[in-house]
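upload.txt follows; it contains compact mmCIF, C-alpha atoms.
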```
# COMPACT_ATOMS: atom_id res chain seq x y z
CA MET I 1321 -55.39 -93.71 -23.32
CA TYR I 1322 -55.73 -95.72 -20.09
CA LEU I 1323 -52.74 -97.84 -19.14
CA VAL I 1324 -52.41 -100.82 -16.81
CA GLU I 1325 -49.88 -98.72 -14.91
CA THR I 1326 -52.50 -96.01 -14.30
CA LEU I 1327 -54.97 -98.58 -13.01
CA PHE I 1328 -52.33 -100.08 -10.70
CA ASP I 1329 -51.14 -96.69 -9.41
CA SER I 1330 -54.57 -95.26 -8.73
CA HIS I 1331 -56.54 -98.33 -7.64
CA GLY I 1332 -53.95 -101.04 -6.95
CA GLU I 1333 -54.13 -100.61 -3.19
CA ARG I 1334 -57.93 -100.56 -3.14
CA LEU I 1335 -58.09 -103.77 -5.15
CA GLY I 1336 -55.24 -105.32 -3.17
CA LEU I 1337 -53.12 -105.97 -6.25
CA GLU I 1338 -49.59 -107.30 -6.12
CA LEU I 1339 -47.48 -107.46 -9.27
CA VAL I 1340 -46.04 -110.95 -9.79
CA ALA I 1341 -44.74 -110.94 -13.36
CA GLY I 1342 -44.71 -108.99 -16.63
CA ARG I 1343 -43.52 -105.65 -15.29
CA ALA I 1344 -42.35 -104.76 -18.81
CA GLY I 1345 -45.98 -104.69 -19.95
CA MET I 1346 -47.19 -102.10 -17.44
CA SER I 1347 -47.52 -99.59 -20.27
CA ARG I 1348 -50.08 -101.81 -22.03
CA GLN I 1349 -53.26 -100.00 -22.92
CA ILE I 1350 -56.63 -101.05 -21.53
CA LYS I 1351 -58.91 -100.68 -24.54
CA VAL I 1352 -62.12 -102.20 -23.21
CA PRO I 1353 -63.45 -101.27 -19.75
CA GLU I 1354 -64.36 -104.83 -18.85
CA ALA I 1355 -62.96 -107.71 -16.86
CA HIS I 1356 -63.51 -111.26 -18.02
CA ARG I 1357 -63.37 -114.68 -16.36
CA PRO I 1358 -61.99 -116.98 -19.04
CA GLY I 1359 -63.89 -120.11 -17.88
CA LEU I 1360 -64.82 -122.00 -21.05
CA SER I 1361 -62.07 -120.32 -23.09
CA LEU I 1362 -59.52 -122.33 -21.04
CA SER I 1363 -60.95 -125.53 -22.48
CA GLY I 1364 -59.71 -124.36 -25.87
CA TYR I 1365 -63.06 -123.11 -27.15
CA LEU I 1366 -62.18 -119.62 -28.34
CA LYS I 1367 -64.99 -119.05 -30.82
CA SER I 1368 -66.58 -115.64 -30.05
CA HIS I 1369 -64.06 -115.18 -27.26
CA ALA I 1370 -64.00 -111.57 -26.09
CA GLY I 1371 -60.35 -110.49 -26.30
CA LYS I 1372 -58.76 -107.21 -25.19
CA ARG I 1373 -60.21 -107.60 -21.68
CA ILE I 1374 -58.48 -107.96 -18.34
CA LEU I 1375 -58.57 -111.63 -17.42
CA ILE I 1376 -59.52 -112.72 -13.93
CA PHE I 1377 -58.58 -116.22 -12.83
CA GLY I 1378 -60.70 -117.50 -9.96
CA LYS I 1379 -60.69 -120.77 -8.03
CA VAL I 1380 -62.25 -122.77 -10.91
CA GLU I 1381 -59.78 -121.49 -13.53
CA ILE I 1382 -56.73 -122.12 -11.36
CA GLU I 1383 -57.86 -125.62 -10.33
CA TYR I 1384 -58.71 -126.49 -13.93
CA LEU I 1385 -55.29 -125.31 -15.08
CA TYR I 1386 -53.53 -127.46 -12.46
CA ASP I 1387 -55.57 -130.48 -13.60
CA LEU I 1388 -54.37 -130.10 -17.18
CA ASP I 1389 -51.36 -131.80 -18.68
CA PRO I 1390 -48.43 -129.26 -18.55
CA GLN I 1391 -48.10 -129.17 -22.34
CA VAL I 1392 -51.82 -128.62 -22.88
CA ARG I 1393 -51.77 -125.99 -20.12
CA VAL I 1394 -49.15 -124.00 -22.05
CA GLU I 1395 -51.07 -124.32 -25.33
CA ARG I 1396 -54.38 -123.17 -23.80
CA LEU I 1397 -52.79 -120.28 -21.96
CA LYS I 1398 -50.88 -119.22 -25.07
CA ALA I 1399 -54.05 -119.15 -27.14
CA LEU I 1400 -55.79 -117.09 -24.49
CA LEU I 1401 -52.97 -114.61 -23.89
CA GLU I 1402 -52.55 -113.97 -27.60
CA THR I 1403 -55.93 -112.20 -27.72
CA ASP I 1404 -54.47 -108.76 -26.85
CA VAL I 1405 -54.94 -109.20 -23.10
CA PRO I 1406 -53.90 -106.05 -21.16
CA ALA I 1407 -53.41 -107.79 -17.79
CA VAL I 1408 -54.15 -110.97 -15.85
CA ILE I 1409 -55.31 -111.00 -12.23
CA VAL I 1410 -55.40 -114.08 -10.03
CA ALA I 1411 -57.98 -113.71 -7.27
CA ARG I 1412 -57.84 -114.97 -3.64
CA ARG I 1413 -54.03 -114.82 -3.75
CA TYR I 1414 -53.90 -118.19 -5.50
CA LEU I 1415 -50.48 -119.21 -6.68
CA PRO I 1416 -50.45 -118.86 -10.48
CA PRO I 1417 -49.14 -121.92 -12.36
CA LYS I 1418 -45.50 -121.39 -13.37
CA GLU I 1419 -46.48 -121.65 -17.04
CA LEU I 1420 -48.76 -118.62 -16.63
CA HIS I 1421 -45.94 -116.81 -14.86
CA LYS I 1422 -43.48 -117.58 -17.69
CA LEU I 1423 -45.91 -116.74 -20.48
CA CYS I 1424 -46.80 -113.40 -18.90
CA GLU I 1425 -43.10 -112.56 -18.74
CA LYS I 1426 -42.64 -113.68 -22.34
CA TYR I 1427 -45.63 -111.78 -23.75
CA GLN I 1428 -45.00 -108.83 -21.41
CA ILE I 1429 -48.46 -109.00 -19.86
CA PRO I 1430 -48.62 -107.82 -16.23
CA LEU I 1431 -49.71 -110.63 -13.89
CA PHE I 1432 -51.21 -109.62 -10.54
CA ARG I 1433 -52.37 -111.46 -7.46
CA ALA I 1434 -55.31 -109.99 -5.55
CA LYS I 1435 -56.49 -110.66 -2.00
CA GLN I 1436 -60.17 -110.43 -2.80
CA THR I 1437 -62.63 -113.12 -3.79
CA THR I 1438 -63.25 -113.52 -7.51
CA MET I 1439 -66.76 -112.08 -7.58
CA ASN I 1440 -65.81 -109.17 -5.36
CA LEU I 1441 -62.81 -108.37 -7.53
CA LEU I 1442 -64.82 -108.70 -10.74
CA SER I 1443 -67.57 -106.34 -9.61
CA LYS I 1444 -65.19 -103.79 -8.10
CA LEU I 1445 -62.97 -103.77 -11.18
CA THR I 1446 -65.94 -103.45 -13.55
CA LEU I 1447 -67.26 -100.50 -11.54
CA LEU I 1448 -63.86 -98.81 -11.45
CA LEU I 1449 -63.25 -99.27 -15.17
CA THR I 1450 -66.73 -98.01 -16.05
CA GLU I 1451 -66.04 -94.87 -14.00
CA GLU I 1452 -62.62 -94.35 -15.54
CA PHE I 1453 -63.97 -94.79 -19.07
CA ALA I 1454 -67.07 -92.63 -18.53
CA SER I 1455 -67.40 -89.90 -21.14
CA SER I 1456 -66.42 -86.50 -19.82
CA ILE I 1457 -66.32 -82.88 -20.92
CA SER I 1458 -65.03 -79.54 -19.60
CA LEU I 1459 -67.64 -76.81 -19.47
CA HIS I 1460 -67.31 -73.08 -18.97
CA GLY I 1461 -69.46 -72.18 -16.01
CA THR I 1462 -69.78 -72.26 -12.25
CA LEU I 1463 -71.22 -75.19 -10.32
CA VAL I 1464 -72.89 -74.51 -6.98
CA GLU I 1465 -75.07 -76.52 -4.65
CA VAL I 1466 -78.16 -74.52 -3.74
CA PHE I 1467 -80.52 -76.13 -1.19
CA GLY I 1468 -79.08 -79.50 -2.19
CA VAL I 1469 -79.68 -78.90 -5.91
CA GLY I 1470 -76.64 -78.90 -8.22
CA VAL I 1471 -76.95 -75.70 -10.29
CA LEU I 1472 -74.61 -75.09 -13.21
CA ILE I 1473 -74.48 -71.35 -13.89
CA GLN I 1474 -73.45 -70.59 -17.46
CA GLY I 1475 -73.18 -67.40 -19.50
CA ASP I 1476 -70.75 -65.21 -21.34
CA SER I 1477 -67.60 -63.93 -19.66
CA SER I 1478 -68.23 -61.03 -17.27
CA VAL I 1479 -72.00 -61.60 -17.11
CA GLY I 1480 -71.63 -62.17 -13.35
CA LYS I 1481 -71.42 -65.93 -12.82
CA SER I 1482 -68.70 -65.76 -10.19
CA GLU I 1483 -70.35 -62.85 -8.40
CA ALA I 1484 -73.66 -64.74 -8.27
CA ALA I 1485 -71.85 -67.80 -6.90
CA LEU I 1486 -70.10 -65.67 -4.29
CA GLY I 1487 -73.46 -64.28 -3.19
CA LEU I 1488 -74.81 -67.83 -2.88
CA ILE I 1489 -71.78 -68.94 -0.83
CA GLU I 1490 -72.27 -65.99 1.47
CA ARG I 1491 -75.82 -67.24 2.08
CA GLY I 1492 -74.60 -70.67 3.08
CA HIS I 1493 -74.66 -72.55 -0.22
CA ARG I 1494 -71.67 -74.45 -1.54
CA LEU I 1495 -69.20 -74.00 -4.36
CA ILE I 1496 -68.01 -76.98 -6.36
CA SER I 1497 -66.08 -75.25 -9.11
CA ASP I 1498 -65.79 -71.83 -10.69
CA ASP I 1499 -65.04 -71.09 -14.35
CA VAL I 1500 -64.20 -74.63 -15.42
CA VAL I 1501 -66.46 -77.51 -14.52
CA LYS I 1502 -65.44 -81.01 -15.45
CA VAL I 1503 -68.44 -83.17 -16.11
CA LYS I 1504 -68.58 -86.96 -16.13
CA LYS I 1505 -71.49 -89.09 -17.20
CA ARG I 1506 -72.22 -91.59 -14.46
CA GLU I 1507 -73.99 -94.90 -15.06
CA GLY I 1508 -75.04 -93.51 -18.43
CA SER I 1509 -77.87 -91.54 -16.88
CA TYR I 1510 -76.74 -88.66 -14.69
CA LEU I 1511 -73.99 -86.05 -14.69
CA GLU I 1512 -71.47 -85.35 -12.01
CA GLY I 1513 -69.51 -82.11 -11.96
CA PHE I 1514 -66.24 -81.41 -10.22
CA GLY I 1515 -63.41 -78.92 -10.38
CA ALA I 1516 -59.91 -79.27 -11.76
CA GLU I 1517 -57.29 -80.20 -9.16
CA LEU I 1518 -55.46 -76.85 -9.42
CA THR I 1519 -58.38 -74.42 -9.51
CA ARG I 1520 -60.70 -76.32 -7.16
CA HIS I 1521 -62.35 -74.04 -4.56
CA HIS I 1522 -60.76 -70.96 -6.12
CA MET I 1523 -62.63 -68.08 -7.72
CA GLU I 1524 -61.58 -65.16 -9.81
CA ILE I 1525 -63.50 -62.00 -8.98
CA ARG I 1526 -62.88 -58.94 -11.12
CA GLY I 1527 -61.47 -56.15 -9.00
CA ILE I 1528 -60.34 -58.53 -6.23
CA GLY I 1529 -58.39 -61.26 -7.96
CA ILE I 1530 -58.09 -64.97 -7.19
CA ILE I 1531 -59.57 -66.00 -3.83
CA ASN I 1532 -59.70 -69.32 -2.01
CA VAL I 1533 -63.30 -69.84 -0.96
CA ALA I 1534 -62.53 -72.77 1.37
CA ASN I 1535 -60.10 -70.62 3.35
CA LEU I 1536 -62.23 -67.48 3.33
CA TYR I 1537 -65.64 -68.93 4.17
CA GLY I 1538 -64.69 -72.27 5.67
CA ALA I 1539 -64.80 -75.89 4.61
CA VAL I 1540 -68.59 -75.97 4.97
CA CYS I 1541 -68.93 -73.75 1.88
CA VAL I 1542 -67.27 -76.11 -0.57
CA ARG I 1543 -67.88 -79.55 -2.02
CA ASP I 1544 -65.66 -81.68 -4.21
CA HIS I 1545 -68.34 -82.99 -6.56
CA LYS I 1546 -72.06 -82.78 -7.09
CA ASN I 1547 -74.66 -84.10 -9.53
CA ILE I 1548 -75.83 -81.49 -12.01
CA ASP I 1549 -79.60 -81.08 -11.67
CA LEU I 1550 -80.17 -77.72 -13.34
CA VAL I 1551 -78.55 -75.40 -15.86
CA VAL I 1552 -79.14 -71.64 -15.51
CA LYS I 1553 -77.91 -69.43 -18.31
CA LEU I 1554 -77.29 -65.84 -17.27
CA GLU I 1555 -77.54 -63.31 -20.06
CA ALA I 1556 -77.64 -59.55 -20.36
CA TRP I 1557 -81.22 -58.24 -20.41
CA ASP I 1558 -82.49 -57.73 -23.96
CA ASP I 1559 -85.68 -55.69 -24.33
CA HIS I 1560 -86.51 -57.40 -27.63
CA ASN I 1561 -86.36 -60.88 -26.17
CA PHE I 1562 -89.47 -62.44 -24.66
CA TYR I 1563 -88.48 -64.20 -21.47
CA ASP I 1564 -90.41 -67.03 -19.88
CA ARG I 1565 -93.25 -65.47 -17.91
CA VAL I 1566 -95.29 -68.56 -16.97
CA GLY I 1567 -92.92 -71.49 -16.62
CA LEU I 1568 -95.20 -74.06 -18.29
CA ASP I 1569 -92.70 -74.97 -20.99
CA GLU I 1570 -89.64 -76.76 -19.78
CA ASN I 1571 -86.46 -76.45 -21.80
CA ALA I 1572 -83.54 -78.81 -21.50
CA SER I 1573 -79.82 -78.63 -22.23
CA ASP I 1574 -78.12 -81.64 -23.72
CA ILE I 1575 -74.85 -82.43 -21.97
CA LEU I 1576 -73.13 -85.69 -22.99
CA GLY I 1577 -76.51 -86.97 -24.16
CA VAL I 1578 -78.24 -86.31 -20.82
CA LYS I 1579 -81.11 -83.84 -20.76
CA ILE I 1580 -80.86 -81.31 -17.92
CA PRO I 1581 -83.61 -78.71 -17.22
CA ASN I 1582 -82.48 -75.34 -18.47
CA HIS I 1583 -83.51 -71.81 -17.44
CA ILE I 1584 -82.53 -68.54 -19.07
CA LEU I 1585 -82.13 -65.80 -16.50
CA PRO I 1586 -81.80 -62.24 -17.78
CA VAL I 1587 -79.60 -60.01 -15.66
CA LYS I 1588 -80.06 -56.28 -15.18
CA PRO I 1589 -79.49 -53.82 -12.36
CA GLY I 1590 -82.11 -54.25 -9.69
CA ARG I 1591 -82.65 -57.97 -10.25
CA ASP I 1592 -81.27 -59.92 -7.31
CA VAL I 1593 -79.63 -62.82 -9.17
CA VAL I 1594 -78.77 -64.68 -5.95
CA LEU I 1595 -82.39 -64.66 -4.79
CA LEU I 1596 -83.57 -65.69 -8.26
CA LEU I 1597 -81.13 -68.60 -8.35
CA GLU I 1598 -82.32 -69.72 -4.91
CA THR I 1599 -85.93 -69.54 -6.13
CA ILE I 1600 -85.14 -71.58 -9.25
CA ALA I 1601 -83.46 -74.24 -7.10
CA LEU I 1602 -86.37 -74.35 -4.64
CA ASN I 1603 -88.90 -74.54 -7.48
CA HIS I 1604 -86.91 -77.44 -8.94
CA ARG I 1605 -87.10 -79.25 -5.60
CA LEU I 1606 -90.83 -78.64 -5.46
CA LYS I 1607 -91.23 -80.03 -8.99
CA ALA I 1608 -89.20 -83.10 -7.99
CA MET I 1609 -91.64 -83.56 -5.09
CA GLY I 1610 -94.48 -83.60 -7.62
CA TYR I 1611 -95.75 -80.04 -7.36
CA ASN I 1612 -95.45 -77.78 -10.40
CA SER I 1613 -96.57 -74.27 -9.46
CA ALA I 1614 -97.24 -73.17 -13.06
CA LYS I 1615 -99.18 -76.32 -13.98
CA GLU I 1616 -101.15 -76.22 -10.74
CA PHE I 1617 -102.08 -72.59 -11.36
CA ASN I 1618 -103.07 -73.38 -14.95
CA SER I 1619 -105.32 -76.28 -13.99
CA LYS I 1620 -106.99 -74.13 -11.32
CA LEU I 1621 -107.65 -71.47 -13.96
CA LEU I 1622 -109.05 -74.03 -16.42
CA ASP I 1623 -111.34 -75.40 -13.69
CA LEU I 1624 -112.62 -71.91 -12.92
CA ILE I 1625 -113.30 -71.20 -16.61
CA SER I 1626 -115.19 -74.46 -17.08
CA THR I 1627 -117.39 -73.89 -13.98
CA LYS I 1628 -118.22 -70.38 -15.22
CA LYS I 1629 -119.20 -71.87 -18.59
CA ARG I 1630 -121.45 -74.41 -16.90
CA LYS I 1631 -123.16 -71.70 -14.89
CA LYS I 1632 -123.82 -69.72 -18.07
CA ILE I 1633 -125.37 -72.76 -19.78
CA LYS I 1634 -127.68 -73.31 -16.82
CA MET T 1205 -65.57 -67.37 -39.25
CA LYS T 1206 -63.54 -70.06 -37.53
CA VAL T 1207 -59.75 -69.81 -37.30
CA SER T 1208 -57.42 -72.31 -35.69
CA ARG T 1209 -53.65 -72.08 -35.12
CA SER T 1210 -51.13 -74.04 -33.12
CA VAL T 1211 -48.55 -72.24 -30.96
CA LYS T 1212 -45.77 -73.24 -28.61
CA VAL T 1213 -45.37 -71.85 -25.10
CA LYS T 1214 -41.94 -70.21 -25.11
CA ASN T 1215 -41.92 -68.65 -21.64
CA SER T 1216 -39.39 -70.35 -19.39
CA MET T 1217 -41.92 -70.64 -16.56
CA GLY T 1218 -44.74 -71.81 -18.82
CA LEU T 1219 -48.19 -70.26 -18.96
CA HIS T 1220 -48.29 -68.87 -15.43
CA THR T 1221 -50.43 -66.12 -13.91
CA ARG T 1222 -48.82 -63.12 -15.58
CA PRO T 1223 -48.99 -64.29 -19.22
CA ALA T 1224 -52.50 -65.61 -18.55
CA THR T 1225 -53.52 -62.15 -17.33
CA VAL T 1226 -52.09 -60.63 -20.53
CA ILE T 1227 -54.17 -63.06 -22.62
CA VAL T 1228 -57.38 -62.36 -20.69
CA LYS T 1229 -56.80 -58.61 -20.99
CA MET T 1230 -56.14 -58.96 -24.71
CA LEU T 1231 -59.37 -60.89 -25.26
CA GLN T 1232 -61.52 -58.73 -23.01
CA ASN T 1233 -63.13 -56.78 -25.81
CA CYS T 1234 -62.98 -59.27 -28.64
CA LYS T 1235 -66.25 -60.46 -30.12
CA SER T 1236 -65.18 -64.04 -30.93
CA ASN T 1237 -65.32 -67.09 -28.72
CA VAL T 1238 -61.74 -68.17 -28.12
CA HIS T 1239 -60.64 -71.56 -26.85
CA PHE T 1240 -57.27 -73.09 -26.00
CA THR T 1241 -56.67 -76.80 -26.37
CA CYS T 1242 -53.73 -78.39 -24.61
CA LYS T 1243 -53.28 -82.10 -23.98
CA ARG T 1244 -56.87 -82.85 -25.04
CA GLU T 1245 -58.22 -80.29 -22.58
CA THR T 1246 -60.20 -77.43 -24.13
CA VAL T 1247 -60.84 -74.29 -22.09
CA ASN T 1248 -62.30 -70.81 -22.56
CA ALA T 1249 -59.41 -68.41 -23.18
CA LYS T 1250 -61.32 -65.44 -21.77
CA SER T 1251 -61.28 -66.95 -18.29
CA LEU T 1252 -58.13 -66.58 -16.19
CA LEU T 1253 -58.67 -69.66 -14.03
CA SER T 1254 -59.40 -71.77 -17.12
CA ILE T 1255 -56.07 -70.86 -18.71
CA LEU T 1256 -54.25 -71.47 -15.43
CA MET T 1257 -55.94 -74.86 -15.10
CA LEU T 1258 -54.05 -76.03 -18.18
CA ALA T 1259 -50.77 -75.56 -16.23
CA ALA T 1260 -49.02 -75.47 -19.62
CA GLN T 1261 -45.25 -75.87 -19.34
CA ARG T 1262 -42.55 -74.47 -21.57
CA ASN T 1263 -42.60 -76.01 -25.08
CA CYS T 1264 -46.17 -77.17 -24.60
CA ARG T 1265 -48.29 -77.03 -27.78
CA ILE T 1266 -51.52 -75.07 -27.58
CA THR T 1267 -54.17 -74.93 -30.28
CA ILE T 1268 -55.95 -71.60 -30.42
CA THR T 1269 -59.45 -71.74 -31.88
CA ALA T 1270 -61.46 -68.60 -32.42
CA GLU T 1271 -64.98 -68.35 -33.80
CA GLY T 1272 -66.64 -65.04 -34.60
CA ILE T 1273 -66.39 -61.92 -36.72
CA ASP T 1274 -62.91 -60.90 -35.53
CA ALA T 1275 -61.51 -64.45 -35.26
CA ASP T 1276 -58.57 -63.96 -37.66
CA VAL T 1277 -57.40 -60.72 -36.02
CA VAL T 1278 -57.66 -62.24 -32.52
CA VAL T 1279 -55.72 -65.37 -33.44
CA GLU T 1280 -53.02 -63.33 -35.16
CA LYS T 1281 -52.65 -61.10 -32.08
CA LEU T 1282 -52.39 -64.13 -29.81
CA VAL T 1283 -49.79 -65.83 -32.00
CA VAL T 1284 -47.65 -62.67 -31.92
CA ALA T 1285 -48.01 -62.45 -28.11
CA PHE T 1286 -47.02 -66.12 -27.68
CA GLU T 1287 -43.99 -65.53 -29.93
CA ALA T 1288 -42.96 -62.47 -27.90
CA GLU T 1289 -43.30 -64.51 -24.69
CA PHE T 1290 -45.83 -61.94 -23.45
CA GLY T 1291 -43.04 -59.42 -22.94
CA GLU T 1292 -41.17 -61.73 -20.57
CA ARG T 1293 -38.25 -62.53 -22.86
CA LEU T 1294 -34.96 -61.35 -21.45
CA ALA T 1295 -33.15 -58.92 -23.70
```

Conversion result in structure tokens:
Amino acid sequence: MYLVETLFDSHGERLGLELVAGRAGMSRQIKVPEAHRPGLSLSGYLKSHAGKRILIFGKVEIEYLYDLDPQVRVERLKALLETDVPAVIVARRYLPPKELHKLCEKYQIPLFRAKQTTMNLLSKLTLLLTEEFASSISLHGTLVEVFGVGVLIQGDSSVGKSEAALGLIERGHRLISDDVVKVKKREGSYLEGFGAELTRHHMEIRGIGIINVANLYGAVCVRDHKNIDLVVKLEAWDDHNFYDRVGLDENASDILGVKIPNHILPVKPGRDVVLLLETIALNHRLKAMGYNSAKEFNSKLLDLISTKKRKKIK
Amino acid sequence: MKVSRSVKVKNSMGLHTRPATVIVKMLQNCKSNVHFTCKRETVNAKSLLSILMLAAQRNCRITITAEGIDADVVVEKLVVAFEAEFGERLA
């Protein structure tokens, strides 16, 4: 549930908002993450009007309202405010008509004045609301940045996720979050991971306890958030399982509807997990640059086979 | 098997480090996947930092969900431990 109060407290200063009326309605819920310029709706045409949105009054709306007969002004505003409006913002610090002021008090709808221009306010507010309403999830795992690649290490408890992350930090890579990674879907296409406020930059290592990585290794070893580019699942080595030996098939994990390349990395004594994770990250970078080692090798092999065939035919 | 139960945090200081350690120790050898849900936040109950992240206060409601072969036994043990305030209750 996202309230007008939450929006005002967390972004009021950034948007330059000043509360003018309707304080009683600060606990109103914002149901739709959109802002709307009423425009035509002020003329009384409310067919297909999108209610439940934050209303933004710009220069045109305010001037139009002042041009109206006071009685008509009240009627139009009433009709508009009765559409479950969570809040009204007047841009450019225009003085809201006193009828709007009174009606907002009456209906308990917070009325704000903002310093910014209408378009600037509209775009900033839309962006903020989209971010706040983005779907999110908490995942069990450790998020590290390895050579600039966001790697989410997953696996059962005590498989060695934290130890692997510690090894990576020691080699100059960065920790975002250990154990719990909060993931948000950004712009509907990519995932951003970050840690919870309390446990951010902390790790729990069996046999040592809880450590603060930022204090131990320095601020250079931590990051607040990072896009998730790869998922690596650590699992105990199983002799009966056939692990990927070539790397031609690419698997993907589905997180919040976004497909993220997924690797299964078996762990057993003697396998340097830190080095393997670094290699996976580097290989991912190489693939992103357009070079796929496995595919390249395969095409070379196919070329060689076909030339041998041709020679035989001759 | 999936078992779900709701419990209340009775410890006066909430779910702080010591009770969380007791929970993690208790779940160390269990076969099921156990999760705690508190205020719409679901975390893995086998991870100490995850439990601490909830910062659950006294009287906070927590839903325990366990999935696996020993789910019922695990949930029952946890409910008893929550009731007994993880041995913190003053006599």

Counting all atoms listed in the file, figure out which residue out of I:Ile1548, I:Met1523, I:Leu1597, I:Ala1454 gets nearest to chain T.
I:Met1523

Residues of chain I at most 12 Å from chain T: nearest atom pair and distance in Å, only C-alpha atoms, as a tab-separated table:
```
residue	atom	partner	partner_atom	distance
I:Met1321	CA	T:Arg1244	CA	11.1
I:Ser1456	CA	T:Glu1245	CA	10.6
I:Ile1457	CA	T:Glu1245	CA	8.7
I:Ser1458	CA	T:Thr1246	CA	6.9
I:Leu1459	CA	T:Val1247	CA	7.7
I:His1460	CA	T:Asn1248	CA	6.6
I:Gly1461	CA	T:Asn1248	CA	9.8
I:Thr1462	CA	T:Ser1254	CA	11.5
I:Gly1475	CA	T:Asn1248	CA	11.8
I:Asp1476	CA	T:Asn1237	CA	9.4
I:Ser1477	CA	T:Lys1250	CA	6.8
I:Ser1478	CA	T:Gln1232	CA	9.1
I:Lys1481	CA	T:Ser1251	CA	11.6
I:Ser1482	CA	T:Ser1251	CA	11.0
I:Ser1497	CA	T:Leu1253	CA	10.5
I:Asp1498	CA	T:Leu1253	CA	8.2
I:Asp1499	CA	T:Ser1254	CA	6.3
I:Val1500	CA	T:Ser1254	CA	5.8
I:Val1501	CA	T:Ser1254	CA	9.5
I:Lys1502	CA	T:Glu1245	CA	10.2
I:Gly1515	CA	T:Met1257	CA	9.7
I:Ala1516	CA	T:Met1257	CA	6.8
I:Glu1517	CA	T:Met1257	CA	8.1
I:Leu1518	CA	T:Met1257	CA	6.0
I:Thr1519	CA	T:Met1257	CA	6.1
I:Arg1520	CA	T:Met1257	CA	9.4
I:His1521	CA	T:Leu1253	CA	11.1
I:His1522	CA	T:Leu1253	CA	8.3
I:Met1523	CA	T:Leu1253	CA	7.6
I:Glu1524	CA	T:Leu1253	CA	6.8
I:Ile1525	CA	T:Leu1252	CA	10.1
I:Arg1526	CA	T:Leu1252	CA	10.3
I:Gly1529	CA	T:Leu1252	CA	9.8
I:Ile1530	CA	T:Leu1253	CA	8.3
I:Ile1531	CA	T:Leu1253	CA	10.9
```

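Interatomic distance, CA of Tyr1414 in chain I to CA of Tyr1384 in chain I: 12.8 Å.
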
Which polymer residues have any atom within 7 Å of an atom of Ala1275 in chain T, counting only C-alpha atoms, with same-chain residues fewer than 6 positions away left out, as a PDB file with C-alpha atoms, in the frame of the given file?
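Once everything was written out, this is around31.pdb:
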```pdb
ATOM      1  CA  MET T1205     -65.570 -67.370 -39.250  1.00  0.00           C
ATOM      2  CA  LYS T1206     -63.540 -70.060 -37.530  1.00  0.00           C
ATOM      3  CA  VAL T1207     -59.750 -69.810 -37.300  1.00  0.00           C
ATOM      4  CA  SER T1236     -65.180 -64.040 -30.930  1.00  0.00           C
TER       5      SER T1236
END
```

Close residues, Asn1571 in chain I itself excluded, 9 Å, only C-alpha atoms, min 4 positions apart in chain, as a count of residues only:
4

Using Å and a single decimal, report how far CA of His1331 in chain I sits from CA of Ala1539 in chain I.
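For CA of Ala1539 in chain I relative to CA of His1331 in chain I, the distance reads 26.9 Å.
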
Please measure the separation of CA of Val1594 in chain I and CA of Gly1487 in chain I, giving the value in Å to one decimal.
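Distance between the two atoms: 6.0 Å.
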
Residue contacts of range 1263-1269 of chain T (12 Å, only C-alpha atoms) excluding same-chain residues fewer than 6 positions away, as a ChimeraX atom specification
/T:1205-1219,1227,1236-1250,1255,1275-1283,1286-1287,1289

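For Val1405 in chain I, the set of protein, DNA and RNA residues having any atom at most 9 Å away, when counting only C-alpha atoms and skipping those fewer than 3 positions along the same chain, is Arg1348, Ile1350, Gly1371, Lys1372, Arg1373, Ile1374, Leu1375, Leu1400, Leu1401, Glu1402, Val1408 and Ile1429 of chain I.
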
Export C-alpha atoms of the chosen residues as a CSV table (one decimal), in the frame of the given file?
```
chain,number,residue,atom,x,y,z
I,1348,ARG,CA,-50.1,-101.8,-22.0
I,1350,ILE,CA,-56.6,-101.0,-21.5
I,1371,GLY,CA,-60.4,-110.5,-26.3
I,1372,LYS,CA,-58.8,-107.2,-25.2
I,1373,ARG,CA,-60.2,-107.6,-21.7
I,1374,ILE,CA,-58.5,-108.0,-18.3
I,1375,LEU,CA,-58.6,-111.6,-17.4
I,1400,LEU,CA,-55.8,-117.1,-24.5
I,1401,LEU,CA,-53.0,-114.6,-23.9
I,1402,GLU,CA,-52.6,-114.0,-27.6
I,1408,VAL,CA,-54.2,-111.0,-15.8
I,1429,ILE,CA,-48.5,-109.0,-19.9
```

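Distances from I:Lys1546, I:Ala1370, I:Glu1598, I:Gly1567 to Arg1491 in chain I were compared using only C-alpha atoms, and the smallest one belongs to I:Glu1598.
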
Can you list, as a ChimeraX atom specification, every protein, DNA or RNA residue that comes within 9 Å of Leu1323 in chain I when you count all atoms listed in the file, leaving out same-chain residues fewer than 3 positions away?
/I:1326-1328,1346-1351,1406

Store the residues picked out above in a file with C-alpha atoms, as a tab-separated table (two decimals), in the coordinates of the input.
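Ended up saving to part36.tsv:
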```tsv
chain	number	residue	atom	x	y	z
I	1326	THR	CA	-52.50	-96.01	-14.30
I	1327	LEU	CA	-54.97	-98.58	-13.01
I	1328	PHE	CA	-52.33	-100.08	-10.70
I	1346	MET	CA	-47.19	-102.10	-17.44
I	1347	SER	CA	-47.52	-99.59	-20.27
I	1348	ARG	CA	-50.08	-101.81	-22.03
I	1349	GLN	CA	-53.26	-100.00	-22.92
I	1350	ILE	CA	-56.63	-101.05	-21.53
I	1351	LYS	CA	-58.91	-100.68	-24.54
I	1406	PRO	CA	-53.90	-106.05	-21.16
```
